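Q: Take a look at this one; I'll ask things after.
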Amino acid sequence: LFSLSICTSICSFCAQMLALVSLPFFLQMVVGLSEVKTGLLLTPWPLATMVMAPLAGYLIERIHAGLLGAVGLALMATGLFALATLPTLPTDAEISWRMALCGAGFGLFQSPNNHTIITAAPRKRSGGASGMLGTARLLGQSTGAALVALMFNLFNENGTHTSLLLAGSMAAVAALISGLRMTQPRTVS
């Protein structure tokens, strides 16, 4: 359960960074938006995460974290694939609802996954579990950012599109891994 949750976390943060690092290039260089407007259009993601996280925290005791994570990551993957299908000159609304969908999915996944990682470890190893949680986050974020550079190097002007497709694929893989957690016992003492 612990290992599956760590793998899910790595994949989800990789997907998040693939999107959040590549999108500003598309919005500024292709669409021609200012830095301020680009930042504002990226804001629905963290806002939706902020709104969804307390709901996910409430649902942790009622719904298996593997199912919550799988549903959240499926929503995130849907949002990422929808971002990959943005037209060349999208409206603010077309960008915003896709970003909000990604953020809502990420928020639904994150709280239950973190809870599972901490509670799956024996109590005397909770400090180590917390360290692994941070390591998984940073590994996913670093890998995602590095993959964006690779996608722009390999695909030039299609780098954002390719990064978003890869991000959606990573989120879908994470959803599958999260679903596998439903076959595992909830906690280890």
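To be explicit about the labels: the chains of the structure tokens are called A, B, and onward in the order shown, and within each one the residues are counted from 1, while ligands get numbers from 1 in the order they are shown.
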Could you give me, as a tab-separated table, a per-residue list for range 55-97 of chain A showing, wherever an atom lies at most 12 Å from an atom of range 48-51 of chain A, the closest pair of atoms and their distance in Å to one decimal, using only C-alpha atoms and sorting by chain then residue number from low to high?

A:
```
residue	atom	partner	partner_atom	distance
A:Leu55	CA	A:Val51	CA	7.5
A:Ala56	CA	A:Val51	CA	9.4
A:Gly57	CA	A:Val51	CA	11.0
A:Gly72	CA	A:Thr49	CA	10.5
A:Leu75	CA	A:Thr49	CA	12.0
A:Met76	CA	A:Thr49	CA	10.7
A:Ser96	CA	A:Ala48	CA	10.5
A:Trp97	CA	A:Ala48	CA	9.9
```

Q: Keeping only N, CA, C and O atoms, take the residues you just selected and write them out as a short mmCIF file (atom, residue, chain, number, x, y, z; two decimals), in the first residue's frame.

A:
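What landed in selection.cif:
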```cif
data_model
loop_
_atom_site.label_atom_id
_atom_site.label_comp_id
_atom_site.auth_asym_id
_atom_site.auth_seq_id
_atom_site.Cartn_x
_atom_site.Cartn_y
_atom_site.Cartn_z
N LEU A 55 -12.96 18.70 1.01
CA LEU A 55 -13.95 17.68 0.70
C LEU A 55 -13.29 16.30 0.68
O LEU A 55 -13.82 15.34 1.23
N ALA A 56 -12.12 16.22 0.07
CA ALA A 56 -11.39 14.96 0.04
C ALA A 56 -11.02 14.51 1.44
O ALA A 56 -11.11 13.32 1.77
N GLY A 57 -10.61 15.46 2.29
CA GLY A 57 -10.29 15.13 3.67
C GLY A 57 -11.51 14.58 4.41
O GLY A 57 -11.40 13.64 5.20
N GLY A 72 -10.01 11.10 -8.67
CA GLY A 72 -9.36 12.40 -8.78
C GLY A 72 -8.35 12.45 -9.92
O GLY A 72 -8.32 13.41 -10.70
N LEU A 75 -10.03 12.55 -13.26
CA LEU A 75 -10.48 13.92 -13.57
C LEU A 75 -9.30 14.77 -14.02
O LEU A 75 -9.41 15.53 -14.99
N MET A 76 -8.18 14.63 -13.32
CA MET A 76 -6.99 15.39 -13.70
C MET A 76 -6.53 15.01 -15.10
O MET A 76 -6.20 15.89 -15.91
N SER A 96 -9.73 28.22 -18.54
CA SER A 96 -10.07 28.20 -17.12
C SER A 96 -10.77 26.92 -16.68
O SER A 96 -10.42 26.35 -15.65
N TRP A 97 -11.76 26.46 -17.44
CA TRP A 97 -12.48 25.26 -16.99
C TRP A 97 -11.58 24.03 -17.05
O TRP A 97 -11.68 23.15 -16.20
#
```

Q: Identify, on the basis of only C-alpha atoms, every residue whose closest approach to Ala104 in chain A does not exceed 7 Å; exclude the query and any residue fewer than 3 positions from it along the same chain; express the result as a list in words.

A: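 So, after excluding close chain neighbours, the residues are Ala48, Thr49, Met52, Ala100, Leu101, Gly107 and Leu108 of chain A.
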
Q: Can those selected residues be exported to a file as a CSV table (one decimal), in the first residue's frame so that it contains C-alpha atoms?

A:
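Output below, filename again-v4.csv:
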```csv
chain,number,residue,atom,x,y,z
A,48,ALA,CA,-9.9,24.2,-7.4
A,49,THR,CA,-7.3,22.2,-5.5
A,52,MET,CA,-11.5,20.2,-3.3
A,100,ALA,CA,-10.1,24.0,-12.8
A,101,LEU,CA,-10.8,20.4,-13.7
A,107,GLY,CA,-7.2,18.1,-4.9
A,108,LEU,CA,-9.5,15.0,-4.7
```

Q: Looking at only C-alpha atoms, which of A:Leu18, A:Ile118, A:Leu1, A:Leu42 is the one that sits closest to His161 in chain A?

A: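 Of all the options, A:Leu18 lies closest to His161 in chain A.
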
Q: One decimal, Å: what's the distance from CA of Ser22 in chain A over to CA of Thr160 in chain A, could you say?

A: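 Straight-line distance from CA of Ser22 in chain A to CA of Thr160 in chain A works out to 5.1 Å.
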
Q: Any idea what's packed within 10 Å of Ser3 in chain A, counting only C-alpha atoms, ignoring anything in its chain fewer than 3 positions away? Could you give it as a list in words?

A: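 My list of contacting residues is Ile6, Cys7, Thr8, Ser9, Ile117, Ala120, Met132 and Arg181 of chain A.
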
Q: Residues at most 10 Å from Gln184 in chain A, counting only C-alpha atoms, excluding those fewer than 3 positions away in the same chain, as a list in words?

A: Leu1, Phe2, Leu4, Gly66, Gly179, Leu180, Arg181 and Thr187 of chain A

Q: Save the residues we just selected, N, CA and C atoms, as a compact mmCIF listing (two decimals), in the first residue's frame?

A:
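File result21.txt, as written:
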```txt
# COMPACT_ATOMS: atom_id res chain seq x y z
N LEU A 1 0.83 -1.19 0.00
CA LEU A 1 0.00 0.00 0.00
C LEU A 1 0.88 1.25 0.00
N PHE A 2 1.91 1.23 0.82
CA PHE A 2 2.82 2.38 0.92
C PHE A 2 3.51 2.63 -0.42
N LEU A 4 2.66 1.64 -3.47
CA LEU A 4 1.71 2.06 -4.51
C LEU A 4 1.35 3.54 -4.33
N GLY A 66 -7.85 4.66 -2.31
CA GLY A 66 -7.51 4.22 -3.66
C GLY A 66 -8.56 4.63 -4.68
N GLY A 179 -5.93 2.90 -8.24
CA GLY A 179 -6.98 1.88 -8.19
C GLY A 179 -6.47 0.56 -7.65
N LEU A 180 -5.21 0.24 -7.93
CA LEU A 180 -4.63 -1.00 -7.41
C LEU A 180 -4.57 -1.01 -5.88
N ARG A 181 -4.54 0.17 -5.29
CA ARG A 181 -4.47 0.26 -3.83
C ARG A 181 -5.72 -0.28 -3.17
N THR A 187 -4.54 -0.02 6.47
CA THR A 187 -3.44 0.47 7.29
C THR A 187 -2.62 -0.68 7.85
```

Q: Which of range 13-175 of chain A end up as alpha helix (DSSP H) when DSSP is run on this backbone - answer as an MDAnalysis selection string?

A: chainID A and resid 13:25 35:42 44:59 65:84 92:120 126:155 159:175

Q: Quick one: everything within 9 Å of Val173 in chain A, counting only C-alpha atoms, minus sequence neighbours fewer than 4 positions away in the same chain. Send it as a count of residues only.

A: 8

Q: Considering only C-alpha atoms, return as a list in words whatever protein or nucleic-acid residues lie within 9 Å of range 142-148 of chain A, sequence-local ones (same chain, fewer than 4 positions apart) excluded.

A: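 Near neighbours after the sequence-gap exclusion: Ile10, Cys11, Phe13, Cys14, Ala15, Gln16, Met17, Leu18, Ala19, Leu20, Val21, Ser22, Arg137, Leu138, Phe152, Asn153, Gly159, Thr160, Thr162, Ser163 and Ala167 of chain A.
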
Q: To one decimal in Å, tell me the separation between CA of Ala70 in chain A and CA of Gln110 in chain A.

A: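 About the pair CA of Ala70 in chain A and CA of Gln110 in chain A: they are 10.7 Å apart.
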
Q: Pick from A:Thr38, A:Ala77, A:Asn113, A:Ser5: nearest to Phe25 in chain A, with only C-alpha atoms counted?

A: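 With only C-alpha atoms as the atom set, the closest residue is A:Thr38.
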
Q: Nearest residue to Leu41 in chain A out of A:Gly79, A:Pro90, A:Gly140, A:Pro112, using only C-alpha atoms?

A: A:Pro90

Q: Which is closer to Phe109 in chain A than all the others in A:Leu150, A:Val30, A:Met182, A:Ala174, using only C-alpha atoms?

A: A:Ala174

Q: Give me the residues near Ile95 in chain A as an MDAnalysis selection string, where near means some atom within 12 Å (using only C-alpha atoms) and where sequence neighbours in that chain fewer than 6 positions away do not count.

A: chainID A and resid 23:24 26:27 31 37:45 79:80 82:89 101:102

Q: Just the number, please: distance in Å from CA of Phe81 in chain A to CA of Leu165 in chain A, one decimal.

A: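 Going from CA of Phe81 in chain A over to CA of Leu165 in chain A covers 6.1 Å.
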